[in-house]
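Listing of upload24.pdb, PDB, C-alpha atoms
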ATOM      1  CA  ASN A   1      -4.638  17.559   8.849
ATOM      2  CA  ALA A   2      -5.566  14.004   9.827
ATOM      3  CA  GLY A   3      -4.775  12.319   6.485
ATOM      4  CA  VAL A   4      -6.711   9.076   6.073
ATOM      5  CA  THR A   5      -8.913   7.994   8.966
ATOM      6  CA  GLN A   6     -10.590   4.606   9.251
ATOM      7  CA  THR A   7     -13.524   3.774  11.502
ATOM      8  CA  PRO A   8     -13.743   1.497  13.419
ATOM      9  CA  LYS A   9     -10.273   0.225  14.317
ATOM     10  CA  PHE A  10     -11.466  -3.147  15.583
ATOM     11  CA  ARG A  11     -14.669  -5.139  15.133
ATOM     12  CA  VAL A  12     -15.903  -8.640  15.789
ATOM     13  CA  LEU A  13     -18.850  -9.836  13.727
ATOM     14  CA  LYS A  14     -20.903 -12.978  13.740
ATOM     15  CA  THR A  15     -21.294 -14.880  10.492
ATOM     16  CA  GLY A  16     -24.124 -13.396   8.475
ATOM     17  CA  GLN A  17     -24.044  -9.970  10.112
ATOM     18  CA  SER A  18     -23.497  -6.842   8.086
ATOM     19  CA  MET A  19     -21.342  -3.806   8.694
ATOM     20  CA  THR A  20     -19.860  -0.767   7.016
ATOM     21  CA  LEU A  21     -16.282   0.415   7.273
ATOM     22  CA  LEU A  22     -15.780   4.125   6.863
ATOM     23  CA  CYS A  23     -12.765   5.798   5.311
ATOM     24  CA  ALA A  24     -12.370   9.566   5.379
ATOM     25  CA  GLN A  25      -9.598  11.684   3.871
ATOM     26  CA  ASP A  26      -9.040  15.409   4.234
ATOM     27  CA  MET A  27      -6.481  15.873   1.437
ATOM     28  CA  ASN A  28      -8.995  16.492  -1.376
ATOM     29  CA  HIS A  29      -7.760  13.370  -3.162
ATOM     30  CA  GLU A  30      -9.621  12.071  -6.183
ATOM     31  CA  TYR A  31      -8.643   8.420  -5.850
ATOM     32  CA  MET A  32      -9.535   6.130  -2.963
ATOM     33  CA  TYR A  33      -8.898   2.435  -2.426
ATOM     34  CA  TRP A  34      -9.834  -0.436  -0.148
ATOM     35  CA  TYR A  35      -7.324  -3.227   0.442
ATOM     36  CA  ARG A  36      -7.340  -6.310   2.621
ATOM     37  CA  GLN A  37      -4.297  -7.955   4.155
ATOM     38  CA  ASP A  38      -4.250 -11.523   5.381
ATOM     39  CA  PRO A  39      -1.472 -12.985   7.570
ATOM     40  CA  GLY A  40       1.813 -13.367   5.710
ATOM     41  CA  MET A  41       0.443 -11.858   2.537
ATOM     42  CA  GLY A  42       0.662  -8.559   0.772
ATOM     43  CA  LEU A  43      -2.247  -6.184   0.372
ATOM     44  CA  ARG A  44      -4.923  -7.086  -2.155
ATOM     45  CA  LEU A  45      -7.156  -4.490  -3.781
ATOM     46  CA  ILE A  46     -10.878  -4.962  -3.134
ATOM     47  CA  HIS A  47     -12.459  -1.892  -4.773
ATOM     48  CA  TYR A  48     -11.343   1.539  -5.777
ATOM     49  CA  SER A  49     -12.814   4.859  -6.823
ATOM     50  CA  VAL A  50     -11.445   7.432  -9.252
ATOM     51  CA  GLY A  51     -13.803  10.171  -8.157
ATOM     52  CA  GLU A  52     -17.005  11.070  -6.373
ATOM     53  CA  GLY A  53     -19.867   8.883  -7.501
ATOM     54  CA  THR A  54     -17.657   6.290  -9.209
ATOM     55  CA  THR A  55     -16.441   2.883  -8.047
ATOM     56  CA  ALA A  56     -14.696  -0.072  -9.672
ATOM     57  CA  LYS A  57     -13.759  -3.637  -8.788
ATOM     58  CA  GLY A  58     -10.265  -4.619  -7.785
ATOM     59  CA  GLU A  59      -8.697  -8.066  -7.454
ATOM     60  CA  VAL A  60     -10.955  -9.512  -4.739
ATOM     61  CA  PRO A  61     -14.342  -7.714  -4.856
ATOM     62  CA  ASP A  62     -16.677 -10.628  -4.078
ATOM     63  CA  GLY A  63     -18.660 -10.234  -0.867
ATOM     64  CA  TYR A  64     -18.062  -6.477  -0.652
ATOM     65  CA  ASN A  65     -19.814  -3.359  -1.860
ATOM     66  CA  VAL A  66     -18.604   0.223  -1.849
ATOM     67  CA  SER A  67     -19.963   3.706  -2.217
ATOM     68  CA  ARG A  68     -18.385   7.107  -2.805
ATOM     69  CA  LEU A  69     -21.208   9.585  -2.321
ATOM     70  CA  LYS A  70     -18.868  12.311  -1.095
ATOM     71  CA  LYS A  71     -15.358  12.960  -2.361
ATOM     72  CA  GLN A  72     -13.825  12.675   1.085
ATOM     73  CA  ASN A  73     -15.524   9.407   2.093
ATOM     74  CA  PHE A  74     -15.250   5.861   0.796
ATOM     75  CA  LEU A  75     -17.439   3.221   2.437
ATOM     76  CA  LEU A  76     -16.848  -0.525   2.353
ATOM     77  CA  GLY A  77     -19.825  -2.728   3.121
ATOM     78  CA  LEU A  78     -20.098  -6.373   4.047
ATOM     79  CA  GLU A  79     -23.693  -7.491   3.515
ATOM     80  CA  SER A  80     -23.339 -10.964   5.023
ATOM     81  CA  ALA A  81     -20.024 -11.469   6.756
ATOM     82  CA  ALA A  82     -18.172 -14.773   6.378
ATOM     83  CA  PRO A  83     -15.170 -16.124   8.330
ATOM     84  CA  SER A  84     -13.114 -15.816   5.123
ATOM     85  CA  GLN A  85     -13.495 -12.056   5.443
ATOM     86  CA  THR A  86     -11.530 -12.022   8.672
ATOM     87  CA  SER A  87      -8.686  -9.709   7.772
ATOM     88  CA  VAL A  88      -7.112  -6.315   8.263
ATOM     89  CA  TYR A  89      -8.634  -3.723   5.964
ATOM     90  CA  PHE A  90      -6.718  -0.701   4.775
ATOM     91  CA  CYS A  91      -8.055   2.346   3.048
ATOM     92  CA  ALA A  92      -5.851   4.594   0.951
ATOM     93  CA  SER A  93      -6.151   7.739  -1.103
ATOM     94  CA  SER A  94      -4.075   9.496  -3.731
ATOM     95  CA  TYR A  95      -4.248  12.708  -5.697
ATOM     96  CA  GLY A  96      -4.120  10.839  -8.999
ATOM     97  CA  GLY A  97      -3.977   7.255 -10.166
ATOM     98  CA  ARG A  98      -0.460   7.321 -11.532
ATOM     99  CA  ASN A  99       2.888   8.728 -10.540
ATOM    100  CA  THR A 100       1.539   9.875  -7.211
ATOM    101  CA  GLU A 101       2.006   8.464  -3.762
ATOM    102  CA  ALA A 102      -0.837   6.835  -1.895
ATOM    103  CA  PHE A 103      -1.577   7.587   1.740
ATOM    104  CA  PHE A 104      -2.881   4.773   3.909
ATOM    105  CA  GLY A 105      -5.055   4.676   6.974
ATOM    106  CA  GLN A 106      -4.108   2.731  10.085
ATOM    107  CA  GLY A 107      -6.336  -0.207   9.296
ATOM    108  CA  THR A 108      -9.449  -1.941  10.615
ATOM    109  CA  ARG A 109      -8.969  -5.350  12.164
ATOM    110  CA  LEU A 110     -12.102  -7.395  11.476
ATOM    111  CA  THR A 111     -12.814 -10.818  12.904
ATOM    112  CA  VAL A 112     -15.800 -12.844  11.731
ATOM    113  CA  VAL A 113     -16.733 -15.710  14.023
TER     114      VAL A 113
ATOM    115  CA  ASP B   1       2.346  -4.336 -14.097
ATOM    116  CA  ALA B   2       5.753  -6.017 -14.024
ATOM    117  CA  LYS B   3       6.372  -8.647 -11.357
ATOM    118  CA  THR B   4       8.969  -7.770  -8.734
ATOM    119  CA  THR B   5      11.117 -10.185  -6.735
ATOM    120  CA  GLN B   6      12.539  -9.404  -3.307
ATOM    121  CA  PRO B   7      14.368 -11.483  -0.711
ATOM    122  CA  PRO B   8      11.972 -12.500   2.078
ATOM    123  CA  SER B   9      14.140 -11.160   4.887
ATOM    124  CA  MET B  10      17.295  -9.187   5.650
ATOM    125  CA  ASP B  11      19.181  -8.122   8.738
ATOM    126  CA  CYS B  12      21.029  -4.883   9.363
ATOM    127  CA  ALA B  13      22.976  -3.468  12.279
ATOM    128  CA  GLU B  14      21.794  -0.184  13.699
ATOM    129  CA  GLY B  15      23.693   2.755  12.227
ATOM    130  CA  ARG B  16      24.745   0.826   9.152
ATOM    131  CA  ALA B  17      23.338   1.279   5.659
ATOM    132  CA  ALA B  18      20.538  -1.071   4.712
ATOM    133  CA  ASN B  19      20.545  -2.025   1.039
ATOM    134  CA  LEU B  20      17.328  -3.699  -0.073
ATOM    135  CA  PRO B  21      17.393  -5.231  -3.561
ATOM    136  CA  CYS B  22      14.530  -5.688  -5.984
ATOM    137  CA  ASN B  23      14.445  -7.459  -9.318
ATOM    138  CA  HIS B  24      11.998  -6.311 -11.991
ATOM    139  CA  SER B  25      13.394  -7.842 -15.158
ATOM    140  CA  THR B  26      10.125  -7.491 -17.116
ATOM    141  CA  ILE B  27       9.566  -3.840 -16.310
ATOM    142  CA  SER B  28       8.343  -1.780 -19.236
ATOM    143  CA  GLY B  29       9.551   1.638 -20.239
ATOM    144  CA  ASN B  30       6.679   3.550 -18.656
ATOM    145  CA  GLU B  31       6.660   1.743 -15.321
ATOM    146  CA  TYR B  32       7.975   3.472 -12.249
ATOM    147  CA  VAL B  33       9.584   1.665  -9.323
ATOM    148  CA  TYR B  34       7.873   2.496  -6.022
ATOM    149  CA  TRP B  35       8.924   1.602  -2.513
ATOM    150  CA  TYR B  36       6.606   1.439   0.471
ATOM    151  CA  ARG B  37       7.153   0.076   3.939
ATOM    152  CA  GLN B  38       4.841  -1.294   6.582
ATOM    153  CA  ILE B  39       5.885  -0.995  10.188
ATOM    154  CA  HIS B  40       4.379  -3.704  12.366
ATOM    155  CA  SER B  41       0.671  -3.743  11.488
ATOM    156  CA  GLN B  42       0.323  -0.110  10.503
ATOM    157  CA  GLY B  43      -0.776   1.111   7.094
ATOM    158  CA  PRO B  44       1.922   1.140   4.393
ATOM    159  CA  GLN B  45       3.992   4.283   4.141
ATOM    160  CA  TYR B  46       5.350   5.719   0.906
ATOM    161  CA  ILE B  47       9.141   5.991   0.772
ATOM    162  CA  ILE B  48      10.301   6.909  -2.713
ATOM    163  CA  HIS B  49       9.795   6.247  -6.407
ATOM    164  CA  GLY B  50      11.731   6.653  -9.635
ATOM    165  CA  LEU B  51      11.742   5.898 -13.342
ATOM    166  CA  LYS B  52      15.377   5.608 -14.437
ATOM    167  CA  ASN B  53      17.402   8.204 -12.621
ATOM    168  CA  ASN B  54      18.596   7.699  -9.087
ATOM    169  CA  GLU B  55      16.428   9.436  -6.529
ATOM    170  CA  THR B  56      17.032  10.650  -2.991
ATOM    171  CA  ASN B  57      14.788  12.124  -0.360
ATOM    172  CA  GLU B  58      14.898  12.577   3.384
ATOM    173  CA  MET B  59      14.053   8.930   3.990
ATOM    174  CA  ALA B  60      16.098   6.964   1.484
ATOM    175  CA  SER B  61      17.901   6.695  -1.832
ATOM    176  CA  LEU B  62      16.786   4.673  -4.816
ATOM    177  CA  ILE B  63      19.363   3.311  -7.230
ATOM    178  CA  ILE B  64      18.007   1.926 -10.516
ATOM    179  CA  THR B  65      20.333   0.011 -12.833
ATOM    180  CA  GLU B  66      20.875   1.366 -16.297
ATOM    181  CA  ASP B  67      18.897  -1.496 -17.896
ATOM    182  CA  ARG B  68      16.151  -0.912 -15.280
ATOM    183  CA  LYS B  69      15.922  -4.599 -14.497
ATOM    184  CA  SER B  70      16.735  -4.133 -10.845
ATOM    185  CA  SER B  71      16.914  -1.491  -8.165
ATOM    186  CA  THR B  72      18.168  -0.993  -4.626
ATOM    187  CA  LEU B  73      16.599   0.962  -1.818
ATOM    188  CA  ILE B  74      19.209   2.389   0.524
ATOM    189  CA  LEU B  75      18.535   3.485   4.079
ATOM    190  CA  PRO B  76      21.829   5.251   4.816
ATOM    191  CA  HIS B  77      21.838   4.953   8.602
ATOM    192  CA  ALA B  78      19.316   2.360   9.690
ATOM    193  CA  THR B  79      17.644   2.759  13.069
ATOM    194  CA  LEU B  80      15.556   0.341  15.103
ATOM    195  CA  ARG B  81      12.471   2.206  13.888
ATOM    196  CA  ASP B  82      13.296   1.152  10.319
ATOM    197  CA  THR B  83      12.398  -2.444  11.175
ATOM    198  CA  ALA B  84       9.514  -3.114   8.791
ATOM    199  CA  VAL B  85       8.376  -4.950   5.685
ATOM    200  CA  TYR B  86       9.562  -3.152   2.558
ATOM    201  CA  TYR B  87       7.608  -3.475  -0.673
ATOM    202  CA  CYS B  88       9.017  -2.844  -4.135
ATOM    203  CA  ILE B  89       6.289  -2.174  -6.723
ATOM    204  CA  ALA B  90       6.437  -1.573 -10.463
ATOM    205  CA  ARG B  91       3.633   0.710 -11.532
ATOM    206  CA  GLY B  92       2.738   2.142 -14.923
ATOM    207  CA  ASN B  93       1.994   5.810 -15.525
ATOM    208  CA  THR B  94      -0.799   5.624 -18.111
ATOM    209  CA  GLY B  95      -4.436   5.444 -17.148
ATOM    210  CA  PHE B  96      -5.389   4.127 -13.739
ATOM    211  CA  GLN B  97      -2.564   2.147 -12.212
ATOM    212  CA  LYS B  98      -3.231   0.310  -8.996
ATOM    213  CA  LEU B  99      -0.523  -0.535  -6.489
ATOM    214  CA  VAL B 100       0.104  -4.290  -6.467
ATOM    215  CA  PHE B 101       1.775  -5.428  -3.270
ATOM    216  CA  GLY B 102       3.816  -8.625  -3.067
ATOM    217  CA  THR B 103       5.104 -10.102   0.176
ATOM    218  CA  GLY B 104       8.074  -7.721   0.414
ATOM    219  CA  THR B 105      11.307  -7.945   2.403
ATOM    220  CA  ARG B 106      11.174  -8.085   6.175
ATOM    221  CA  LEU B 107      14.057  -5.913   7.397
ATOM    222  CA  LEU B 108      15.202  -6.432  10.968
ATOM    223  CA  VAL B 109      17.468  -3.729  12.368
ATOM    224  CA  SER B 110      19.314  -4.867  15.463
ATOM    225  CA  PRO B 111      21.308  -2.937  18.082
TER     226      PRO B 111
END

Translate this structure into structure tokens?
Amino acid sequence: NAGVTQTPKFRVLKTGQSMTLLCAQDMNHEYMYWYRQDPGMGLRLIHYSVGEGTTAKGEVPDGYNVSRLKKQNFLLGLESAAPSQTSVYFCASSYGGRNTEAFFGQGTRLTVV
Amino acid sequence: DAKTTQPPSMDCAEGRAANLPCNHSTISGNEYVYWYRQIHSQGPQYIIHGLKNNETNEMASLIITEDRKSSTLILPHATLRDTAVYYCIARGNTGFQKLVFGTGTRLLVSP
């Protein structure tokens, strides 16, 4: 039982390049989330999904797209990376959206130069 | 979601109890108090949550005041591995309720 697994763990991109971050969970959770964390700040919600085939915007969705084609996977895409997207990205999942704990992955450290 | 206020940092001696306070004076009746922690740069880890009764699990205890305007997370015997940033979050229980993280309390446990 691996929990929540993020791929890759580290990445350096050039401005304008694109990439996809993969999040996989093996707990059969309905809800999945993508957060970003900048130095000295708390986590901010980018996008979330309440089930397979559904996605919704969080607090800071601009510049990102997501897809949830399979229940266990939640993909975060950067179409044209910008230095402002340099951050640590965390994926999380939970059984429900309320009164349940969320499980987090170990993070992806992304640097855009 | 109600705003929570936590001290930016606290120190604790190893083996002693760590008491981390949180103010949530605008919390509504259906909002739970959640605690997470983040060790170094790892993903946040769930600790405990409660509505109005005190809660205890293998990691910690949560004491919520009767008026629910504040709470305290207690680590009964802090170890060096408890050094982390601790987040107190007020979260509703109707519909979809996202976790809103503030800047938390940085707890340093020293030998």

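For the pair CA of Tyr87 in chain B and CA of Gly3 in chain A, the interatomic distance is 21.3 Å.
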
Per residue of chain A within 8 Å of chain B, record the nearest atom pair and its distance in Å to one decimal, counting only C-alpha atoms, with rows in chain order and ascending residue number, as JSON lines.
{"residue": "A:Gly40", "atom": "CA", "partner": "B:Thr103", "partner_atom": "CA", "distance": 7.2}
{"residue": "A:Met41", "atom": "CA", "partner": "B:Thr103", "partner_atom": "CA", "distance": 5.5}
{"residue": "A:Gly42", "atom": "CA", "partner": "B:Thr103", "partner_atom": "CA", "distance": 4.7}
{"residue": "A:Leu43", "atom": "CA", "partner": "B:Phe101", "partner_atom": "CA", "distance": 5.5}
{"residue": "A:Arg44", "atom": "CA", "partner": "B:Phe101", "partner_atom": "CA", "distance": 7.0}
{"residue": "A:Leu45", "atom": "CA", "partner": "B:Val100", "partner_atom": "CA", "distance": 7.7}
{"residue": "A:Phe90", "atom": "CA", "partner": "B:Gly43", "partner_atom": "CA", "distance": 6.6}
{"residue": "A:Gly97", "atom": "CA", "partner": "B:Phe96", "partner_atom": "CA", "distance": 5.0}
{"residue": "A:Arg98", "atom": "CA", "partner": "B:Asn93", "partner_atom": "CA", "distance": 4.9}
{"residue": "A:Asn99", "atom": "CA", "partner": "B:Asn93", "partner_atom": "CA", "distance": 5.8}
{"residue": "A:Glu101", "atom": "CA", "partner": "B:Tyr46", "partner_atom": "CA", "distance": 6.4}
{"residue": "A:Ala102", "atom": "CA", "partner": "B:Tyr46", "partner_atom": "CA", "distance": 6.9}
{"residue": "A:Phe103", "atom": "CA", "partner": "B:Gln45", "partner_atom": "CA", "distance": 6.9}
{"residue": "A:Phe104", "atom": "CA", "partner": "B:Gly43", "partner_atom": "CA", "distance": 5.3}
{"residue": "A:Gly105", "atom": "CA", "partner": "B:Gly43", "partner_atom": "CA", "distance": 5.6}
{"residue": "A:Gln106", "atom": "CA", "partner": "B:Gly43", "partner_atom": "CA", "distance": 4.8}
{"residue": "A:Gly107", "atom": "CA", "partner": "B:Gly43", "partner_atom": "CA", "distance": 6.1}

Find the spatial neighbours of range 24-30 of chain B, counting only C-alpha atoms, within a cut-off of 10 Å - ignore same-chain residues fewer than 5 positions away - and output them as a short mmCIF file (atom, residue, chain, number, x, y, z; two decimals) with C-alpha atoms, in the coordinates of the input.
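Writing the result to around19.cif gives the following:
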data_model
loop_
_atom_site.label_atom_id
_atom_site.label_comp_id
_atom_site.auth_asym_id
_atom_site.auth_seq_id
_atom_site.Cartn_x
_atom_site.Cartn_y
_atom_site.Cartn_z
CA ASP B 1 2.35 -4.34 -14.10
CA ALA B 2 5.75 -6.02 -14.02
CA LYS B 3 6.37 -8.65 -11.36
CA THR B 4 8.97 -7.77 -8.73
CA THR B 5 11.12 -10.18 -6.74
CA GLN B 6 12.54 -9.40 -3.31
CA LEU B 51 11.74 5.90 -13.34
CA LYS B 52 15.38 5.61 -14.44
CA ASP B 67 18.90 -1.50 -17.90
CA ARG B 68 16.15 -0.91 -15.28
CA LYS B 69 15.92 -4.60 -14.50
CA SER B 70 16.74 -4.13 -10.84
CA SER B 71 16.91 -1.49 -8.16
CA CYS B 88 9.02 -2.84 -4.14
CA ILE B 89 6.29 -2.17 -6.72
CA ALA B 90 6.44 -1.57 -10.46
CA ARG B 91 3.63 0.71 -11.53
CA GLY B 92 2.74 2.14 -14.92
CA ASN B 93 1.99 5.81 -15.52
CA THR B 94 -0.80 5.62 -18.11
#

Between CA of Thr5 in chain A and CA of Thr55 in chain A, what distance in Å does the model show, to one decimal? 19.3 Å

Do you have the CA of Gln38 in chain B-CA of Ala84 in chain B distance handy?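 Atom-to-atom, CA of Gln38 in chain B and CA of Ala84 in chain B are spaced 5.5 Å apart.
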